[in-house]
Amino acid sequence: MCDLVARTGRLQQRYEDGSRLVAGCIPFRYINSDKDGNSESGKVIQVLMISSSSGPGLLFPKGGWENDETVREAAVREAVEEAGVRGILMDFLGNYEFKSKTHQDEFSPEGLCKAAMYALYVKEELETWPEHETRTRKWLTIEEAVENCRHAWMKDALVEGFCKWHKEKMVKGEEITSEH
């Protein structure tokens with residue numbers, strides 16, 4: 001049984017200029033692609049995606065940013081609730097706007113949303129998590145993630161946000177996996 005509980009409801013949701021504010025992350029890890037595990041160049045990056053509760057395709061964890069938390073806290077919470085992962089929340093990747101078909105309400109009648117997305121270096125995968133009965137998770141290469149991404153805005157967050165951020169870190173020689 002899972003001791004963690006997912007937040008539900010809209011009472012604490014944040015809105016700005018008719019858009020629901022959302023926080024999310026692109027969880028990632030490195031695996032060795034070489035046989036002996038010694039090569040630095042043998043590291044392959046993988047991102048974690050989750051199944052959608054409302055249709056086909058894969059997603060990155062994201063959800064409403066609530067009044068009693070910072071945007072970074074909301075992104076971390078969503079990673080635990082939806083994907084069952086914990087780690088180091090790293091840099092802000094950008095804001096991405098989209099229209100939600102399932103989340104139209106009196107404050108955002110057109111379902112407009114603005115998602116603040118972050119990179120999350122995964123250090124722990126939980127065996128059970130709040131949404132483990134309704135979602136599956138899958139580690140994918142960047143190429144596989146692009147192919148399987150359900151929403152265009154998430155693909156943009158991956159390619160234009162995460163990949164550019166990661167490449168910049170590598171060029172600068174910055175350690176990705178250290179405490180941030």
# chains A, B, ... in the order shown; residues from 1 in each chain; ligands from 1
call {"tool": "select_by_dssp", "arguments": {"residues": "range 8-97 of chain A", "states": "helix (DSSP H, G or I)", "output": "list of chain:residue names"}}
result
A:Glu40, A:Ser41, A:Gly42, A:Val71, A:Arg72, A:Glu73, A:Ala74, A:Ala75, A:Val76, A:Arg77, A:Glu78, A:Ala79, A:Val80, A:Glu81, A:Glu82, A:Ala83
call {"tool": "write_last_selection", "arguments": {"atoms": "C-alpha atoms", "output": "compact mmCIF listing (two decimals), in the first residue's frame"}}
result
# COMPACT_ATOMS: atom_id res chain seq x y z
CA GLU A 40 32.35 7.95 -20.08
CA SER A 41 31.14 8.19 -23.67
CA GLY A 42 29.07 5.07 -23.05
CA VAL A 71 6.30 26.14 -8.46
CA ARG A 72 9.37 23.97 -7.76
CA GLU A 73 7.55 22.17 -4.93
CA ALA A 74 4.61 21.54 -7.27
CA ALA A 75 6.90 20.03 -9.93
CA VAL A 76 8.49 17.70 -7.35
CA ARG A 77 5.07 16.71 -5.97
CA GLU A 78 3.76 15.85 -9.44
CA ALA A 79 6.81 13.65 -10.13
CA VAL A 80 6.07 11.65 -6.97
CA GLU A 81 2.28 11.51 -7.45
CA GLU A 82 2.17 10.63 -11.14
CA ALA A 83 5.50 8.88 -11.83
call {"tool": "residues_around", "arguments": {"residues": "Met154 in chain A", "least_positions_apart": "4", "cutoff": "10 Å", "atoms": "only C-alpha atoms", "output": "list of chain:residue names"}}
result
A:Ile26, A:Leu58, A:Leu59, A:Phe60, A:Tyr96, A:Glu97, A:Phe98, A:Ala115, A:Met117, A:Ala145, A:Val146, A:Cys149, A:Arg150, A:Leu158, A:Val159, A:Glu160, A:Gly161
call {"tool": "write_last_selection", "arguments": {"atoms": "all heavy atoms", "output": "compact mmCIF listing (two decimals), in the first residue's frame"}}
result
# COMPACT_ATOMS: atom_id res chain seq x y z
N ILE A 26 10.73 16.90 -16.50
CA ILE A 26 11.20 15.83 -17.38
C ILE A 26 12.22 15.04 -16.55
O ILE A 26 13.35 15.48 -16.35
CB ILE A 26 11.82 16.39 -18.67
CG1 ILE A 26 10.74 17.14 -19.46
CG2 ILE A 26 12.44 15.25 -19.50
CD1 ILE A 26 11.19 17.76 -20.75
N LEU A 58 2.22 8.93 -24.41
CA LEU A 58 2.92 9.10 -23.14
C LEU A 58 3.11 10.57 -22.80
O LEU A 58 3.14 11.42 -23.69
CB LEU A 58 4.28 8.39 -23.21
CG LEU A 58 4.21 6.87 -23.40
CD1 LEU A 58 5.59 6.29 -23.59
CD2 LEU A 58 3.50 6.20 -22.23
N LEU A 59 3.27 10.83 -21.51
CA LEU A 59 3.37 12.19 -20.98
C LEU A 59 4.53 12.31 -20.02
O LEU A 59 5.03 11.31 -19.50
CB LEU A 59 2.10 12.54 -20.18
CG LEU A 59 0.74 12.25 -20.77
CD1 LEU A 59 -0.33 12.41 -19.71
CD2 LEU A 59 0.49 13.18 -21.94
N PHE A 60 4.89 13.56 -19.71
CA PHE A 60 5.77 13.84 -18.59
C PHE A 60 4.89 14.23 -17.42
O PHE A 60 3.80 14.77 -17.61
CB PHE A 60 6.75 14.97 -18.92
CG PHE A 60 7.72 14.60 -19.99
CD1 PHE A 60 7.68 15.19 -21.25
CD2 PHE A 60 8.69 13.63 -19.75
CE1 PHE A 60 8.56 14.83 -22.24
CE2 PHE A 60 9.59 13.26 -20.75
CZ PHE A 60 9.52 13.86 -21.99
N TYR A 96 5.46 26.59 -21.11
CA TYR A 96 4.84 26.03 -22.31
C TYR A 96 3.33 26.17 -22.18
O TYR A 96 2.75 25.75 -21.18
CB TYR A 96 5.26 24.57 -22.50
CG TYR A 96 6.75 24.45 -22.68
CD1 TYR A 96 7.59 24.34 -21.58
CD2 TYR A 96 7.31 24.53 -23.94
CE1 TYR A 96 8.96 24.30 -21.73
CE2 TYR A 96 8.69 24.49 -24.11
CZ TYR A 96 9.51 24.37 -23.00
OH TYR A 96 10.87 24.33 -23.16
N GLU A 97 2.72 26.76 -23.19
CA GLU A 97 1.27 26.99 -23.15
C GLU A 97 0.55 25.91 -23.96
O GLU A 97 1.05 25.46 -24.99
CB GLU A 97 0.95 28.38 -23.69
CG GLU A 97 1.53 29.45 -22.77
CD GLU A 97 1.18 30.87 -23.20
OE1 GLU A 97 0.57 31.04 -24.28
OE2 GLU A 97 1.54 31.79 -22.46
N PHE A 98 -0.60 25.51 -23.44
CA PHE A 98 -1.41 24.52 -24.13
C PHE A 98 -2.86 24.68 -23.72
O PHE A 98 -3.17 25.40 -22.78
CB PHE A 98 -0.90 23.10 -23.84
CG PHE A 98 -1.02 22.66 -22.40
CD1 PHE A 98 -2.09 21.89 -21.97
CD2 PHE A 98 -0.05 23.02 -21.47
CE1 PHE A 98 -2.18 21.49 -20.65
CE2 PHE A 98 -0.14 22.62 -20.15
CZ PHE A 98 -1.21 21.84 -19.74
N ALA A 115 2.41 25.80 -18.44
CA ALA A 115 3.21 24.85 -17.67
C ALA A 115 4.64 25.30 -17.51
O ALA A 115 5.33 25.57 -18.50
CB ALA A 115 3.18 23.48 -18.36
N MET A 117 8.14 23.99 -16.74
CA MET A 117 8.77 22.67 -16.78
C MET A 117 10.22 22.74 -16.30
O MET A 117 10.93 23.71 -16.57
CB MET A 117 8.73 22.11 -18.20
CG MET A 117 7.31 21.84 -18.70
SD MET A 117 6.44 20.54 -17.79
CE MET A 117 7.30 19.07 -18.38
N ALA A 145 11.22 8.97 -26.90
CA ALA A 145 10.30 9.87 -26.22
C ALA A 145 9.65 10.83 -27.21
O ALA A 145 8.44 11.09 -27.14
CB ALA A 145 11.04 10.65 -25.13
N VAL A 146 10.43 11.36 -28.15
CA VAL A 146 9.88 12.26 -29.17
C VAL A 146 8.80 11.54 -29.97
O VAL A 146 7.72 12.08 -30.23
CB VAL A 146 11.00 12.81 -30.10
CG1 VAL A 146 10.42 13.49 -31.32
CG2 VAL A 146 11.90 13.77 -29.33
N CYS A 149 5.57 10.89 -27.56
CA CYS A 149 5.01 12.02 -26.82
C CYS A 149 3.60 12.35 -27.33
O CYS A 149 3.40 12.56 -28.52
CB CYS A 149 5.94 13.22 -26.98
SG CYS A 149 5.80 14.37 -25.63
N ARG A 150 2.65 12.39 -26.43
CA ARG A 150 1.26 12.62 -26.81
C ARG A 150 0.96 14.04 -27.28
O ARG A 150 0.18 14.26 -28.18
CB ARG A 150 0.35 12.26 -25.62
CG ARG A 150 -1.11 12.48 -25.92
CD ARG A 150 -1.98 11.99 -24.80
NE ARG A 150 -3.36 12.29 -25.08
CZ ARG A 150 -4.35 11.97 -24.32
NH1 ARG A 150 -4.13 11.31 -23.20
NH2 ARG A 150 -5.58 12.27 -24.63
N LEU A 158 10.68 18.88 -24.42
CA LEU A 158 11.76 17.90 -24.48
C LEU A 158 12.88 18.36 -25.42
O LEU A 158 14.05 18.40 -25.03
CB LEU A 158 11.21 16.54 -24.94
CG LEU A 158 12.23 15.43 -25.14
CD1 LEU A 158 12.97 15.12 -23.83
CD2 LEU A 158 11.56 14.18 -25.68
N VAL A 159 12.52 18.72 -26.64
CA VAL A 159 13.52 19.06 -27.66
C VAL A 159 14.10 20.46 -27.46
O VAL A 159 15.32 20.63 -27.42
CB VAL A 159 12.91 18.91 -29.07
CG1 VAL A 159 13.88 19.37 -30.14
CG2 VAL A 159 12.49 17.46 -29.31
N GLU A 160 13.23 21.44 -27.35
CA GLU A 160 13.69 22.83 -27.25
C GLU A 160 14.13 23.21 -25.84
O GLU A 160 14.95 24.10 -25.66
CB GLU A 160 12.59 23.79 -27.72
CG GLU A 160 12.19 23.61 -29.16
CD GLU A 160 13.34 23.82 -30.13
OE1 GLU A 160 14.13 24.76 -29.93
OE2 GLU A 160 13.45 23.04 -31.09
N GLY A 161 13.56 22.58 -24.84
CA GLY A 161 13.91 22.88 -23.46
C GLY A 161 14.98 21.95 -22.92
O GLY A 161 16.13 22.32 -22.74
call {"tool": "select_by_dssp", "arguments": {"residues": "range 23-76 of chain A", "states": "strand (DSSP E or B)", "output": "mmCIF file with C-alpha atoms, in the first residue's frame"}}
result
data_model
loop_
_atom_site.group_PDB
_atom_site.id
_atom_site.type_symbol
_atom_site.label_atom_id
_atom_site.label_comp_id
_atom_site.auth_asym_id
_atom_site.auth_seq_id
_atom_site.Cartn_x
_atom_site.Cartn_y
_atom_site.Cartn_z
ATOM 1 C CA ALA A 23 4.155 22.645 -12.948
ATOM 2 C CA GLY A 24 5.945 19.611 -14.292
ATOM 3 C CA CYS A 25 9.267 18.004 -15.004
ATOM 4 C CA ILE A 26 11.201 15.827 -17.375
ATOM 5 C CA PRO A 27 12.669 13.064 -15.198
ATOM 6 C CA PHE A 28 15.981 11.682 -16.501
ATOM 7 C CA ARG A 29 18.795 9.264 -15.720
ATOM 8 C CA TYR A 30 21.929 7.872 -17.331
ATOM 9 C CA ILE A 31 22.578 4.266 -18.241
ATOM 10 C CA ASN A 32 25.789 2.693 -19.536
ATOM 11 C CA LYS A 43 26.496 7.027 -21.027
ATOM 12 C CA VAL A 44 23.067 7.204 -22.595
ATOM 13 C CA ILE A 45 20.431 9.570 -21.287
ATOM 14 C CA GLN A 46 16.908 8.284 -20.756
ATOM 15 C CA VAL A 47 13.763 10.193 -19.833
ATOM 16 C CA LEU A 48 10.837 8.811 -17.885
ATOM 17 C CA MET A 49 7.369 9.079 -19.368
ATOM 18 C CA ILE A 50 4.038 7.988 -17.944
ATOM 19 C CA SER A 51 0.818 6.738 -19.458
ATOM 20 C CA LEU A 58 2.920 9.099 -23.141
ATOM 21 C CA LEU A 59 3.366 12.195 -20.980
ATOM 22 C CA LYS A 62 2.701 17.621 -14.564
ATOM 23 C CA GLY A 63 -0.278 19.065 -12.763
ATOM 24 C CA GLY A 64 -1.807 22.078 -11.121
ATOM 25 C CA GLU A 66 -1.402 25.131 -5.879
#
call {"tool": "closest_residue", "arguments": {"among": "A:Asn67, A:Cys163, A:Ala157, A:Thr128", "to": "Ile142 in chain A", "atoms": "only C-alpha atoms"}}
result
A:Cys163
call {"tool": "closest_residue", "arguments": {"among": "A:Lys172, A:His151, A:Lys99, A:Lys114", "to": "Glu16 in chain A", "atoms": "only C-alpha atoms"}}
result
A:Lys114
call {"tool": "residues_around", "arguments": {"residues": "range 87-89 of chain A", "least_positions_apart": "6", "cutoff": "6 Å", "atoms": "only C-alpha atoms", "output": "NGL selection string"}}
result
:A and (120-123)
call {"tool": "closest_residue", "arguments": {"among": "A:Val171, A:Cys113, A:Met90, A:Val85", "to": "Glu125 in chain A", "atoms": "only C-alpha atoms"}}
result
A:Val85
call {"tool": "atom_distance", "arguments": {"atom1": "CA of Thr141 in chain A", "atom2": "CA of Trp165 in chain A"}}
result
16.1 Å
call {"tool": "closest_residue", "arguments": {"among": "A:Trp139, A:Gly57, A:Ile176, A:Thr134", "to": "Lys155 in chain A", "atoms": "only C-alpha atoms"}}
result
A:Gly57
call {"tool": "atom_distance", "arguments": {"atom1": "CA of Tyr118 in chain A", "atom2": "CA of Gly94 in chain A"}}
result
7.5 Å
